[in-house]
Amino acid sequence: MNSRSAPILQHILLETAERRHRGEHLMMVFDLDSTLFDVSPRIQRILHDFAGQADIVALDPVNAALLASLKAERHDWGIRTIVERAGLHLKNPELINRAREFWIRHFFSNEYLRFDQPLPGAVDFVRFVEALGVKLIYLTGRDTSKMLSGSLEGLRAHRFPLAADGAELVMKPATGIEDHAFKEQWFDAIPKGTHGKIWFYENEPVNLDKIRVRHPEVELIFVDTTHSRKMPSPSDLRTIDDFRVDWAALAKSLPPIYTNFIPR
């Protein structure tokens, strides 16, 4: 398997299985957007729906058609890189300002979450960890008031473990809270000494940096998809692009009690 992620994930899963075999209580914490889920299909659909509105077509039919043809990629952050790639920010800045307002209104809502797609291997990875008996937390900057039902629907539709499996979805209670502050406070509230190990998977360097300072006991995994560019990507953390695992290779090293949990 030609993936820089696979050896890292195999090491993590082997350690997890060995610790669980010793009876340790473990926790894995996952961000959602651009960590477990590729949000580029959501971004693309929002842009295309904006461009298809009658008033937008009437305003600038040529650039509306161009906007409707654009493809979002996993490494895109918001709509900026997409429109800049096509030069649209130079052709009609007013159109792009309106597109940005439309995107903000709809990206942070339940309506378009169904277009998100799991990163390759994410579902199998998380389901395997859950089968090992690890406590699963989805710790997301999405807020409850606007995105709860869509978040649950997306997790359920793609067969991620949910509350019935012991997993927990933790969301911001309100939009105005900074993501890093919300996540710091959540980690602060974990009682000390209750878990043999905690892992945190996250794509945003700012969030990782804050948790690194306050909670050095947490192992941080940088998911190198896209981020805000407020800080450079960390160079000293374990880094993955996706969650693809060489399950055949892993099965050869696992304690036999866990081989039945390998995805088929």
# chains A, B, ... in the order shown; residues from 1 in each chain; ligands from 1
$ select_by_dssp --residues "range 51-248 of chain A" --states "helix (DSSP H, G or I)" --output "PyMOL selection string"
chain A and resi 51+54-59+61-69+80-86+88-91+93-107+113-115+122-131+144-157+163-165+179-188+205-214+247-248
$ closest_atom_pairs --of "range 205-255 of chain A" --to "range 187-190 of chain A" --cutoff "10 Å" --atoms "only C-alpha atoms" --output "tab-separated table"
residue	atom	partner	partner_atom	distance
A:Ile211	CA	A:Phe187	CA	7.8
A:Arg214	CA	A:Asp188	CA	8.1
A:His215	CA	A:Phe187	CA	7.6
A:Val218	CA	A:Phe187	CA	9.2
$ write_last_selection --atoms "C-alpha atoms" --output "short mmCIF file (atom, residue, chain, number, x, y, z; two decimals), in the first residue's frame"
data_model
loop_
_atom_site.label_atom_id
_atom_site.label_comp_id
_atom_site.auth_asym_id
_atom_site.auth_seq_id
_atom_site.Cartn_x
_atom_site.Cartn_y
_atom_site.Cartn_z
CA ILE A 211 -3.83 21.13 23.07
CA ARG A 214 -2.11 22.39 27.82
CA HIS A 215 -2.24 18.62 27.52
CA VAL A 218 -2.42 13.58 24.68
#
$ residues_around --residues "Asp76 in chain A" --least-positions-apart "4" --cutoff "9 Å" --atoms "only C-alpha atoms" --output "list in words"
Ser40, Ala72, Arg80, Thr81, Ile82, Thr225, Thr226 and His227 of chain A
$ closest_residue --among "A:Trp77, A:Pro120, A:Asn207, A:Ala65" --to "Leu95 in chain A" --atoms "only C-alpha atoms"
A:Ala65
$ closest_atom_pairs --of "range 135-217 of chain A" --to "range 11-34 of chain A" --cutoff "6 Å" --atoms "only C-alpha atoms" --output "CSV"
residue,atom,partner,partner_atom,distance
A:Lys135,CA,A:Met27,CA,4.6
A:Leu136,CA,A:Met28,CA,5.3
A:Ile137,CA,A:Val29,CA,4.7
A:Tyr138,CA,A:Phe30,CA,4.9
A:Leu139,CA,A:Asp31,CA,5.0
A:Thr140,CA,A:Asp31,CA,5.0
A:His195,CA,A:His25,CA,4.9
A:Gly196,CA,A:Glu24,CA,5.6
A:Lys197,CA,A:Leu26,CA,5.3
A:Ile198,CA,A:Met27,CA,4.8
A:Trp199,CA,A:Met28,CA,4.8
A:Phe200,CA,A:Val29,CA,4.7
A:Tyr201,CA,A:Phe30,CA,4.9
A:Glu202,CA,A:Asp31,CA,5.4
$ closest_atom_pairs --of "range 86-147 of chain A" --to "range 235-247 of chain A" --cutoff "9 Å" --atoms "only C-alpha atoms" --output "Markdown table"
| residue | atom | partner | partner_atom | distance |
| --- | --- | --- | --- | --- |
| A:Leu119 | CA | A:Asp242 | CA | 5.7 |
| A:Pro120 | CA | A:Asp242 | CA | 5.7 |
| A:Gly121 | CA | A:Arg244 | CA | 4.3 |
| A:Ala122 | CA | A:Phe243 | CA | 4.9 |
| A:Val123 | CA | A:Phe243 | CA | 8.4 |
| A:Asp124 | CA | A:Phe243 | CA | 8.3 |
| A:Phe125 | CA | A:Phe243 | CA | 6.4 |
| A:Val126 | CA | A:Phe243 | CA | 8.9 |
$ closest_residue --among "A:Pro263, A:Gly141, A:Gly154, A:Gly52" --to "Ser69 in chain A" --atoms "only C-alpha atoms"
A:Gly52
$ residues_around --residues "Arg114 in chain A" --least-positions-apart "2" --cutoff "12 Å" --atoms "only C-alpha atoms" --output "CSV table (one decimal) with C-alpha atoms, in the first residue's frame"
chain,number,residue,atom,x,y,z
A,37,PHE,CA,-14.9,13.9,6.5
A,38,ASP,CA,-13.8,15.4,3.2
A,39,VAL,CA,-15.9,18.6,3.0
A,40,SER,CA,-15.0,19.5,-0.6
A,41,PRO,CA,-18.2,18.0,-2.0
A,42,ARG,CA,-20.2,20.2,0.4
A,43,ILE,CA,-18.3,23.3,-0.7
A,45,ARG,CA,-22.5,21.8,-4.1
A,46,ILE,CA,-23.0,25.1,-2.3
A,107,PHE,CA,-21.7,25.7,5.0
A,109,SER,CA,-25.8,24.5,8.6
A,110,ASN,CA,-27.5,21.1,8.5
A,111,GLU,CA,-28.6,21.5,4.9
A,112,TYR,CA,-25.5,20.5,3.1
A,116,ASP,CA,-19.6,15.3,3.0
A,117,GLN,CA,-17.7,12.1,2.3
A,118,PRO,CA,-15.5,10.1,4.7
A,147,MET,CA,-25.6,21.5,12.7
A,149,SER,CA,-29.2,16.9,13.1
A,150,GLY,CA,-27.1,17.0,10.0
A,151,SER,CA,-24.0,15.8,11.9
A,152,LEU,CA,-25.8,12.8,13.3
A,153,GLU,CA,-27.4,12.0,10.0
A,154,GLY,CA,-24.0,12.0,8.3
A,155,LEU,CA,-22.3,9.8,10.9
A,156,ARG,CA,-25.2,7.4,10.7
A,157,ALA,CA,-25.4,7.3,6.9
A,158,HIS,CA,-21.7,6.3,6.7
$ atom_distance --atom1 "CA of Ile221 in chain A" --atom2 "CA of Ala248 in chain A"
22.9 Å
$ closest_residue --among "A:Pro61, A:Asp209, A:Gly166, A:Lys146" --to "Gly133 in chain A" --atoms "only C-alpha atoms"
A:Gly166
